[in-house]
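**Q** Okay, so here is model_7.json, and as you'll see once you scroll down, it has JSON, C-alpha atoms.
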[["chain", "number", "residue", "atom", "x", "y", "z"],
["A", 1299, "MET", "CA", 52.19, -36.95, 153.15],
["A", 1300, "GLY", "CA", 50.40, -40.27, 153.21],
["A", 1301, "VAL", "CA", 47.40, -40.97, 155.33],
["A", 1302, "VAL", "CA", 48.83, -42.61, 158.43],
["A", 1303, "VAL", "CA", 50.71, -40.19, 160.64],
["A", 1304, "LEU", "CA", 53.59, -41.96, 162.37],
["A", 1305, "PRO", "CA", 55.71, -40.88, 165.34],
["A", 1306, "THR", "CA", 59.39, -39.95, 164.87],
["A", 1307, "ASP", "CA", 61.98, -42.59, 164.05],
["A", 1308, "ASP", "CA", 63.38, -42.61, 167.60],
["A", 1309, "VAL", "CA", 59.98, -43.45, 169.01],
["A", 1310, "LEU", "CA", 59.27, -45.99, 166.27],
["A", 1311, "VAL", "CA", 62.56, -47.82, 166.66],
["A", 1312, "ALA", "CA", 62.28, -47.91, 170.45],
["A", 1313, "GLY", "CA", 58.73, -49.24, 170.13],
["A", 1314, "LEU", "CA", 59.67, -51.94, 167.64],
["A", 1315, "ARG", "CA", 62.61, -53.05, 169.77],
["A", 1316, "ALA", "CA", 60.46, -53.18, 172.88],
["A", 1317, "GLY", "CA", 57.78, -55.24, 171.12],
["A", 1318, "ASP", "CA", 55.11, -52.52, 171.01],
["A", 1319, "GLU", "CA", 52.44, -54.20, 168.88],
["A", 1320, "GLU", "CA", 50.45, -51.07, 168.21],
["A", 1321, "MET", "CA", 53.55, -49.38, 166.84],
["A", 1322, "PHE", "CA", 54.27, -52.32, 164.56],
["A", 1323, "ALA", "CA", 50.66, -52.33, 163.35],
["A", 1324, "CYS", "CA", 51.03, -48.62, 162.51],
["A", 1325, "VAL", "CA", 54.10, -49.04, 160.32],
["A", 1326, "LEU", "CA", 52.58, -52.13, 158.70],
["A", 1327, "THR", "CA", 49.53, -50.08, 157.76],
["A", 1328, "GLY", "CA", 51.51, -47.02, 156.77],
["A", 1329, "TRP", "CA", 54.14, -48.59, 154.56],
["A", 1330, "SER", "CA", 53.02, -52.01, 153.28],
["A", 1331, "GLY", "CA", 50.99, -50.57, 150.39],
["A", 1332, "SER", "CA", 53.95, -48.64, 149.02],
["A", 1333, "MET", "CA", 56.15, -51.66, 149.64],
["A", 1334, "LEU", "CA", 53.85, -53.88, 147.60],
["A", 1335, "ARG", "CA", 54.08, -51.45, 144.70],
["A", 1336, "LEU", "CA", 57.82, -51.23, 145.00],
["A", 1337, "ALA", "CA", 58.16, -55.03, 145.18],
["A", 1338, "ARG", "CA", 55.81, -55.50, 142.24],
["A", 1339, "SER", "CA", 58.22, -53.54, 140.03],
["A", 1340, "PHE", "CA", 60.90, -56.21, 140.54],
["A", 1341, "VAL", "CA", 58.99, -59.52, 140.58],
["A", 1342, "SER", "CA", 56.58, -61.25, 138.22],
["A", 1343, "THR", "CA", 53.34, -61.63, 140.16],
["A", 1344, "ALA", "CA", 51.29, -59.93, 142.86],
["A", 1345, "ALA", "CA", 51.62, -63.05, 145.04],
["A", 1346, "SER", "CA", 55.37, -62.92, 144.71],
["A", 1347, "ALA", "CA", 55.38, -59.22, 145.66],
["A", 1348, "GLU", "CA", 53.35, -60.04, 148.74],
["A", 1349, "GLU", "CA", 55.91, -62.62, 149.82],
["A", 1350, "VAL", "CA", 58.68, -60.08, 149.31],
["A", 1351, "VAL", "CA", 56.88, -57.64, 151.61],
["A", 1352, "GLN", "CA", 56.32, -60.37, 154.19],
["A", 1353, "ASP", "CA", 59.98, -61.46, 154.07],
["A", 1354, "THR", "CA", 61.03, -57.84, 154.38],
["A", 1355, "TRP", "CA", 59.07, -57.34, 157.58],
["A", 1356, "LEU", "CA", 60.52, -60.55, 159.02],
["A", 1357, "ALA", "CA", 64.02, -59.30, 158.13],
["A", 1358, "VAL", "CA", 63.18, -55.98, 159.80],
["A", 1359, "LEU", "CA", 62.21, -57.81, 163.01],
["A", 1360, "GLN", "CA", 65.52, -59.63, 162.96],
["A", 1361, "GLY", "CA", 67.57, -56.58, 162.07],
["A", 1362, "ILE", "CA", 65.95, -53.77, 164.07],
["A", 1363, "GLU", "CA", 68.49, -54.17, 166.91],
["A", 1364, "ARG", "CA", 71.21, -53.33, 164.40],
["A", 1365, "PHE", "CA", 69.49, -50.26, 162.89],
["A", 1366, "GLU", "CA", 71.89, -47.35, 163.40],
["A", 1367, "GLY", "CA", 69.79, -44.44, 162.19],
["A", 1368, "ARG", "CA", 72.12, -43.42, 159.40],
["A", 1369, "SER", "CA", 69.09, -43.17, 157.13],
["A", 1370, "SER", "CA", 65.42, -42.81, 158.03],
["A", 1371, "LEU", "CA", 63.78, -46.01, 159.25],
["A", 1372, "GLN", "CA", 61.56, -46.04, 156.18],
["A", 1373, "THR", "CA", 64.52, -45.78, 153.81],
["A", 1374, "TRP", "CA", 66.26, -48.60, 155.71],
["A", 1375, "VAL", "CA", 63.17, -50.84, 155.47],
["A", 1376, "TYR", "CA", 62.72, -50.05, 151.77],
["A", 1377, "ARG", "CA", 66.37, -50.90, 151.08],
["A", 1378, "ILE", "CA", 65.92, -54.30, 152.68],
["A", 1379, "LEU", "CA", 62.87, -54.75, 150.47],
["A", 1380, "VAL", "CA", 64.69, -53.81, 147.29],
["A", 1381, "ASN", "CA", 67.49, -56.27, 148.09],
["A", 1382, "ILE", "CA", 65.04, -59.10, 148.66],
["A", 1383, "ALA", "CA", 62.96, -58.15, 145.61],
["A", 1384, "ARG", "CA", 65.96, -57.90, 143.30],
["A", 1385, "LYS", "CA", 67.16, -61.38, 144.26],
["A", 1386, "ARG", "CA", 63.74, -62.81, 143.80],
["A", 1387, "GLY", "CA", 63.25, -61.00, 140.50],
["A", 1388, "ALA", "CA", 66.54, -62.41, 139.23],
["A", 1389, "ARG", "CA", 65.40, -65.93, 140.21],
["A", 1390, "GLU", "CA", 62.17, -65.34, 138.33],
["A", 1391, "GLN", "CA", 64.27, -64.09, 135.43],
["A", 1392, "ARG", "CA", 62.41, -60.87, 135.39],
["A", 1393, "THR", "CA", 64.39, -57.78, 134.59],
["A", 1394, "VAL", "CA", 62.89, -54.37, 135.04],
["A", 1395, "PRO", "CA", 64.67, -51.76, 132.95],
["A", 1396, "TRP", "CA", 65.04, -49.42, 135.92],
["A", 1397, "THR", "CA", 68.22, -47.88, 134.54],
["A", 1398, "SER", "CA", 66.98, -46.77, 131.14],
["A", 1399, "LEU", "CA", 63.88, -44.93, 130.02],
["A", 1400, "THR", "CA", 61.31, -46.62, 127.77],
["A", 1401, "PRO", "CA", 58.88, -45.31, 125.12],
["A", 1402, "ASP", "CA", 56.42, -44.73, 128.01],
["A", 1403, "ASP", "CA", 58.74, -42.03, 129.26],
["A", 1404, "GLU", "CA", 59.13, -40.01, 126.07],
["A", 1405, "GLY", "CA", 57.23, -37.25, 124.32],
["A", 1406, "PRO", "CA", 55.33, -34.23, 125.63],
["A", 1407, "THR", "CA", 53.25, -34.62, 128.79],
["A", 1408, "VAL", "CA", 50.63, -32.12, 127.60],
["A", 1409, "ASP", "CA", 48.86, -32.70, 124.27],
["A", 1410, "PRO", "CA", 50.74, -30.54, 121.70],
["A", 1411, "SER", "CA", 47.42, -29.61, 120.08],
["A", 1412, "ARG", "CA", 46.72, -27.41, 123.11],
["A", 1413, "PHE", "CA", 49.52, -25.07, 122.09],
["A", 1414, "ARG", "CA", 49.87, -22.66, 119.16],
["A", 1415, "GLY", "CA", 51.75, -23.94, 116.14],
["A", 1416, "ALA", "CA", 55.10, -22.84, 114.72],
["A", 1417, "ASP", "CA", 53.39, -20.43, 112.26],
["A", 1418, "ASP", "CA", 51.51, -18.62, 114.99],
["A", 1419, "LEU", "CA", 52.51, -15.25, 116.37],
["A", 1420, "TYR", "CA", 53.08, -16.96, 119.75],
["A", 1421, "PRO", "CA", 54.35, -20.44, 118.93],
["A", 1422, "GLY", "CA", 54.15, -22.81, 121.90],
["A", 1423, "GLY", "CA", 51.63, -20.60, 123.74],
["A", 1424, "TRP", "CA", 48.34, -21.97, 125.10],
["A", 1425, "LEU", "CA", 45.52, -21.92, 122.53],
["A", 1426, "ALA", "CA", 43.13, -21.81, 125.46],
["A", 1427, "PHE", "CA", 44.23, -21.60, 129.10],
["A", 1428, "PRO", "CA", 43.51, -24.63, 131.26],
["A", 1429, "ASP", "CA", 40.15, -24.29, 133.04],
["A", 1430, "ILE", "CA", 40.39, -23.37, 136.69],
["A", 1431, "TRP", "CA", 39.39, -26.28, 138.94],
["A", 1432, "PRO", "CA", 36.69, -25.90, 141.58],
["A", 1433, "ASN", "CA", 37.53, -26.16, 145.28],
["A", 1434, "THR", "CA", 36.59, -29.43, 146.87],
["A", 1435, "GLU", "CA", 34.77, -28.41, 149.99],
["A", 1436, "SER", "CA", 32.08, -31.03, 149.61],
["A", 1437, "GLU", "CA", 32.92, -34.47, 151.00],
["A", 1438, "VAL", "CA", 31.24, -36.18, 148.04],
["A", 1439, "LEU", "CA", 33.45, -34.35, 145.56],
["A", 1440, "ALA", "CA", 36.55, -35.01, 147.67],
["A", 1441, "ARG", "CA", 35.75, -38.73, 147.64],
["A", 1442, "GLU", "CA", 35.29, -38.74, 143.87],
["A", 1443, "ILE", "CA", 38.60, -36.95, 143.44],
["A", 1444, "ARG", "CA", 40.40, -39.53, 145.60],
["A", 1445, "ALA", "CA", 38.86, -42.31, 143.50],
["A", 1446, "THR", "CA", 39.90, -40.55, 140.28],
["A", 1447, "VAL", "CA", 43.45, -40.12, 141.54],
["A", 1448, "ALA", "CA", 43.67, -43.72, 142.78],
["A", 1449, "ALA", "CA", 42.51, -45.03, 139.40],
["A", 1450, "ALA", "CA", 44.93, -42.75, 137.58],
["A", 1451, "ILE", "CA", 47.84, -44.06, 139.68],
["A", 1452, "GLU", "CA", 46.81, -47.67, 139.03],
["A", 1453, "ASN", "CA", 46.95, -46.98, 135.30],
["A", 1454, "LEU", "CA", 50.50, -45.62, 135.29],
["A", 1455, "PRO", "CA", 53.42, -47.63, 133.92],
["A", 1456, "VAL", "CA", 54.92, -49.46, 136.90],
["A", 1457, "ARG", "CA", 58.12, -47.44, 137.23],
["A", 1458, "GLN", "CA", 56.25, -44.13, 137.14],
["A", 1459, "GLN", "CA", 53.86, -45.54, 139.71],
["A", 1460, "VAL", "CA", 56.71, -46.49, 142.04],
["A", 1461, "VAL", "CA", 58.50, -43.15, 141.81],
["A", 1462, "LEU", "CA", 55.25, -41.23, 142.34],
["A", 1463, "THR", "CA", 54.40, -43.39, 145.36],
["A", 1464, "LEU", "CA", 57.81, -42.92, 146.97],
["A", 1465, "ARG", "CA", 57.96, -39.19, 146.33],
["A", 1466, "ASP", "CA", 54.39, -37.95, 146.70],
["A", 1467, "ILE", "CA", 52.76, -40.51, 149.00],
["A", 1468, "ASP", "CA", 55.70, -41.48, 151.22],
["A", 1469, "GLY", "CA", 57.30, -38.04, 150.96],
["A", 1470, "GLN", "CA", 60.83, -39.35, 150.32],
["A", 1471, "ASP", "CA", 63.26, -36.90, 148.75],
["A", 1472, "ALA", "CA", 64.69, -37.22, 145.25],
["A", 1473, "GLU", "CA", 68.10, -38.31, 146.46],
["A", 1474, "ASP", "CA", 66.77, -41.21, 148.54],
["A", 1475, "VAL", "CA", 64.60, -42.41, 145.67],
["A", 1476, "CYS", "CA", 67.53, -42.35, 143.22],
["A", 1477, "SER", "CA", 69.78, -44.31, 145.52],
["A", 1478, "LEU", "CA", 67.04, -46.78, 146.45],
["A", 1479, "LEU", "CA", 66.19, -47.56, 142.83],
["A", 1480, "ASP", "CA", 69.71, -46.99, 141.52],
["A", 1481, "ILE", "CA", 68.55, -44.52, 138.87],
["A", 1482, "SER", "CA", 69.93, -41.16, 137.76],
["A", 1483, "THR", "CA", 68.53, -37.89, 139.03],
["A", 1484, "ALA", "CA", 67.40, -37.03, 135.51],
["A", 1485, "ASN", "CA", 65.53, -40.30, 135.02],
["A", 1486, "GLN", "CA", 63.91, -40.06, 138.45],
["A", 1487, "ARG", "CA", 62.61, -36.63, 137.52],
["A", 1488, "VAL", "CA", 61.31, -37.74, 134.13],
["A", 1489, "LEU", "CA", 59.39, -40.63, 135.70],
["A", 1490, "LEU", "CA", 57.97, -38.41, 138.45],
["A", 1491, "HIS", "CA", 57.02, -35.61, 136.10],
["A", 1492, "ARG", "CA", 55.26, -37.95, 133.67],
["A", 1493, "ALA", "CA", 53.38, -39.60, 136.49],
["A", 1494, "ARG", "CA", 52.21, -36.29, 137.94],
["A", 1495, "ALA", "CA", 51.26, -34.90, 134.54],
["A", 1496, "ALA", "CA", 49.25, -38.05, 133.79],
["A", 1497, "VAL", "CA", 47.36, -37.84, 137.09],
["A", 1498, "ARG", "CA", 46.75, -34.12, 136.47],
["A", 1499, "GLY", "CA", 45.30, -35.04, 133.07],
["A", 1500, "HIS", "CA", 42.86, -37.48, 134.69],
["A", 1501, "LEU", "CA", 41.79, -34.80, 137.19],
["A", 1502, "GLU", "CA", 41.33, -32.29, 134.39],
["A", 1503, "ARG", "CA", 39.05, -34.67, 132.50],
["A", 1504, "TYR", "CA", 37.16, -35.44, 135.69],
["A", 1505, "PHE", "CA", 36.57, -31.73, 136.45],
["A", 1506, "ALA", "CA", 35.60, -31.05, 132.83],
["A", 1507, "SER", "CA", 32.95, -33.79, 133.02],
["A", 1508, "THR", "CA", 31.52, -32.52, 136.33],
["A", 1509, "THR", "CA", 31.30, -28.87, 135.25],
["A", 1510, "ALA", "CA", 29.80, -29.89, 131.89],
["A", 1511, "GLY", "CA", 27.17, -31.78, 133.91],
["A", 1512, "ALA", "CA", 26.52, -28.80, 136.17],
["A", 1513, "GLU", "CA", 26.04, -26.37, 133.27],
["A", 1514, "SER", "CA", 23.67, -28.45, 131.20],
["B", 982, "MET", "CA", 60.42, -19.88, 127.33],
["B", 983, "THR", "CA", 57.13, -20.95, 125.75],
["B", 984, "CYS", "CA", 54.13, -22.40, 127.58],
["B", 985, "ALA", "CA", 54.77, -25.76, 125.92],
["B", 986, "GLU", "CA", 58.31, -25.71, 127.30],
["B", 987, "LEU", "CA", 57.32, -24.52, 130.76],
["B", 988, "VAL", "CA", 54.85, -27.35, 131.40],
["B", 989, "GLU", "CA", 57.68, -29.88, 130.99],
["B", 990, "LEU", "CA", 59.83, -28.16, 133.63],
["B", 991, "VAL", "CA", 57.35, -27.98, 136.49],
["B", 992, "THR", "CA", 58.75, -30.93, 138.46],
["B", 993, "ALA", "CA", 62.33, -29.71, 138.05],
["B", 994, "PHE", "CA", 61.16, -26.26, 139.19],
["B", 995, "LEU", "CA", 59.38, -27.61, 142.27],
["B", 996, "ASP", "CA", 62.49, -29.68, 143.17],
["B", 997, "ARG", "CA", 64.59, -26.49, 142.83],
["B", 998, "ALA", "CA", 66.63, -28.35, 140.25],
["B", 999, "LEU", "CA", 66.62, -25.82, 137.39],
["B", 1000, "ASP", "CA", 69.83, -23.95, 136.67],
["B", 1001, "PRO", "CA", 69.58, -20.30, 137.83],
["B", 1002, "GLU", "CA", 69.11, -18.88, 134.35],
["B", 1003, "THR", "CA", 66.31, -21.31, 133.42],
["B", 1004, "GLU", "CA", 64.69, -20.83, 136.80],
["B", 1005, "GLN", "CA", 64.62, -17.09, 136.23],
["B", 1006, "ARG", "CA", 63.01, -17.49, 132.81],
["B", 1007, "PHE", "CA", 60.49, -19.90, 134.35],
["B", 1008, "VAL", "CA", 59.56, -17.42, 137.08],
["B", 1009, "GLU", "CA", 59.37, -14.51, 134.63],
["B", 1010, "HIS", "CA", 57.09, -16.46, 132.30],
["B", 1011, "LEU", "CA", 54.90, -17.53, 135.22],
["B", 1012, "ALA", "CA", 54.49, -13.93, 136.36],
["B", 1013, "ILE", "CA", 52.91, -12.85, 133.09],
["B", 1014, "CYS", "CA", 51.05, -16.01, 131.97],
["B", 1015, "ASP", "CA", 47.74, -16.89, 133.62],
["B", 1016, "GLY", "CA", 47.54, -20.19, 131.74],
["B", 1017, "CYS", "CA", 50.87, -21.42, 133.07],
["B", 1018, "GLU", "CA", 50.12, -20.12, 136.55],
["B", 1019, "THR", "CA", 46.97, -22.23, 136.51],
["B", 1020, "TYR", "CA", 48.91, -25.22, 135.19],
["B", 1021, "VAL", "CA", 51.55, -25.04, 137.94],
["B", 1022, "GLU", "CA", 48.84, -24.58, 140.57],
["B", 1023, "GLN", "CA", 47.08, -27.68, 139.23],
["B", 1024, "MET", "CA", 50.30, -29.69, 139.42],
["B", 1025, "ARG", "CA", 50.67, -28.65, 143.06],
["B", 1026, "ARG", "CA", 47.08, -29.62, 143.69],
["B", 1027, "THR", "CA", 47.68, -32.96, 141.94],
["B", 1028, "ILE", "CA", 50.68, -33.66, 144.18],
["B", 1029, "ALA", "CA", 48.59, -32.86, 147.26],
["B", 1030, "GLU", "CA", 45.76, -35.13, 146.08],
["B", 1031, "VAL", "CA", 48.17, -38.00, 145.32],
["B", 1032, "GLY", "CA", 49.49, -37.63, 148.88],
["B", 1033, "LYS", "CA", 46.00, -38.39, 150.24],
["B", 1034, "VAL", "CA", 45.70, -41.75, 148.50],
["B", 1035, "GLN", "CA", 46.76, -44.75, 150.52],
["B", 1036, "PRO", "CA", 47.93, -47.60, 148.23],
["B", 1037, "GLU", "CA", 46.13, -50.90, 148.62],
["B", 1038, "SER", "CA", 47.78, -52.81, 151.42],
["B", 1039, "LEU", "CA", 48.46, -56.39, 152.47],
["B", 1040, "PRO", "CA", 45.61, -58.90, 152.67],
["B", 1041, "ASP", "CA", 44.33, -59.39, 156.23],
["B", 1042, "GLU", "CA", 45.73, -62.88, 156.66],
["B", 1043, "THR", "CA", 49.27, -61.78, 155.75],
["B", 1044, "ARG", "CA", 48.95, -58.85, 158.11],
["B", 1045, "ASP", "CA", 47.73, -61.11, 160.92],
["B", 1046, "ARG", "CA", 50.61, -63.51, 160.28],
["B", 1047, "LEU", "CA", 53.11, -60.66, 160.56],
["B", 1048, "LEU", "CA", 51.50, -59.31, 163.73],
["B", 1049, "ASP", "CA", 51.74, -62.82, 165.14],
["B", 1050, "ALA", "CA", 55.39, -63.08, 164.18],
["B", 1051, "PHE", "CA", 56.03, -59.75, 165.88],
["B", 1052, "ARG", "CA", 54.22, -60.84, 169.03],
["B", 1053, "THR", "CA", 56.17, -64.08, 169.37],
["B", 1054, "PHE", "CA", 59.54, -62.75, 168.22],
["B", 1055, "PRO", "CA", 62.18, -63.64, 170.84],
["B", 1056, "ARG", "CA", 63.45, -60.47, 172.49],
["B", 1057, "THR", "CA", 66.24, -60.29, 175.01]]
Now, as a test, write the supplied structure out as structure tokens.
**A**
Amino acid sequence: MGVVVLPTDDVLVAGLRAGDEEMFACVLTGWSGSMLRLARSFVSTAASAEEVVQDTWLAVLQGIERFEGRSSLQTWVYRILVNIARKRGAREQRTVPWTSLTPDDEGPTVDPSRFRGADDLYPGGWLAFPDIWPNTESEVLAREIRATVAAAIENLPVRQQVVLTLRDIDGQDAEDVCSLLDISTANQRVLLHRARAAVRGHLERYFASTTAGAES
Amino acid sequence: MTCAELVELVTAFLDRALDPETEQRFVEHLAICDGCETYVEQMRRTIAEVGKVQPESLPDETRDRLLDAFRTFPRT
């Protein structure tokens, strides 16, 4: 998961306590992007989210001596962030409806026109199977795919973006994400599923455009 | 289970969160439906591709400020 490979929590915590700068730089690089996204879902502006992330890291410096390892270090850091972000969001009178789903989270995730209708012999079956995607052995293609995925993530509704980031980029498990965001298991899954299906849709359109180009 | 129903259950399936009866119907459908097999494979691929994308991080000056704070933090 993610791009930066970090050492185990024991090593990280020991390094942070001992003042190992390289170790701190690693976690800053590895986690700050996700933290910005997470913060952004609670506060009104990007600048405000940045301050939340900064304040979180300062609180981590002050609190690292007291970290007891009852959760992963990342979960502990993210909890500090959510506390700071919630307070700040309340001051900015911004309320994110984390607890309930919105119209963004309803309806089928695959266009119903791709399935057979109720009058068909096989209602709800694919009219045409999804096209098989090519392998991405070429570096150029791999780069384009990463750009496509990054753009697709940017376009997601903020709560879907946050859940996708925590689960599929940071590799947190469902339980940690629910408790961090204070949402139900069912809602967490809906947000994650919609986010993944939306990104899959972008990839499908991207592959369809490249193969159409190759055939013509 | 229809294809239209299966595609909505992929995340629950991958999280092993389906009840045993639904999971069995999911697996049985998957075994005989090439379209859904492809769909599930593409969701797995999507998850893997998402995992390769690093979100945009802090601006350099904020990062430098934090590294500075770390360097000068009083330690006993």
**Q** So which residues touch Glu1442 in chain A within 10 Å, counting all atoms listed in the file, skipping near sequence neighbours fewer than 6 positions away, as a list of chain:residue names?
**A**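 Skipping anything fewer than 6 positions along the chain leaves A:Thr1434, A:Ala1448, A:Tyr1504.
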**Q** Nearest to Ala985 in chain B among B:Pro1040, B:Val1034, B:Ile1028, B:His1010, with distances taken over all atoms listed in the file: which residue is it?
**A**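 Ranking B:Pro1040, B:Val1034, B:Ile1028, B:His1010 by distance to Ala985 in chain B, first place goes to B:His1010.
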**Q** Residues of chain A that approach chain B to 7 Å or less, counting only C-alpha atoms: could you list each one with the shortest pair of atoms and its distance in Å to one decimal, rows by chain and increasing residue number, as CSV?
**A**
residue,atom,partner,partner_atom,distance
A:Met1299,CA,B:Gly1032,CA,5.1
A:Gly1300,CA,B:Gly1032,CA,5.2
A:Val1301,CA,B:Lys1033,CA,5.9
A:Gly1317,CA,B:Arg1052,CA,7.0
A:Glu1319,CA,B:Arg1052,CA,6.9
A:Ser1330,CA,B:Ser1038,CA,5.6
A:Gly1331,CA,B:Ser1038,CA,4.0
A:Ser1332,CA,B:Pro1036,CA,6.2
A:Thr1407,CA,B:Glu989,CA,6.9
A:Phe1413,CA,B:Ala985,CA,6.5
A:Gly1422,CA,B:Ala985,CA,5.0
A:Gly1423,CA,B:Cys984,CA,4.9
A:Trp1424,CA,B:Cys984,CA,6.3
A:Phe1427,CA,B:Gly1016,CA,4.5
A:Pro1428,CA,B:Gly1016,CA,6.0
A:Ile1430,CA,B:Thr1019,CA,6.7
A:Arg1444,CA,B:Val1034,CA,6.4
A:Val1447,CA,B:Val1031,CA,6.4
A:Ala1448,CA,B:Val1034,CA,6.4
A:Asp1466,CA,B:Gly1032,CA,5.4
A:Ile1467,CA,B:Gly1032,CA,4.4
A:Arg1487,CA,B:Ala993,CA,6.9
A:His1491,CA,B:Thr992,CA,5.5
A:Arg1494,CA,B:Thr1027,CA,6.9
A:Val1497,CA,B:Thr1027,CA,6.9
A:Arg1498,CA,B:Thr1027,CA,5.7
**Q** Could you tell me how far CA of Asn1485 in chain A sits from CA of Glu1404 in chain A, in Å to one decimal place?
**A**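 CA of Asn1485 in chain A lies at a distance of 11.0 Å from CA of Glu1404 in chain A.
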**Q** Check the smallest atom-to-atom distance from each of A:Leu1359, A:Ala1388, A:Ile1378, A:Leu1501 to Asp1429 in chain A using all atoms listed in the file, then report the winner.
**A**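 Of the candidates, the smallest distance to Asp1429 in chain A is held by A:Leu1501.
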**Q** CA of Val1350 in chain A and CA of Leu1479 in chain A are how many Å apart?
**A** 16.0 Å
**Q** Expressed in Å to a single decimal, how great is the separation between CA of Ile1362 in chain A and CA of Ser1477 in chain A?
**A**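 If I compute the distance from CA of Ile1362 in chain A to CA of Ser1477 in chain A, I get 21.2 Å.
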**Q** Using only C-alpha atoms, can you tell me which of A:Leu1425, A:Leu1399, A:Asp1418, A:Ser1507 comes closest to Gln1486 in chain A?
**A**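 Closest residue, counting only C-alpha atoms: A:Leu1399.
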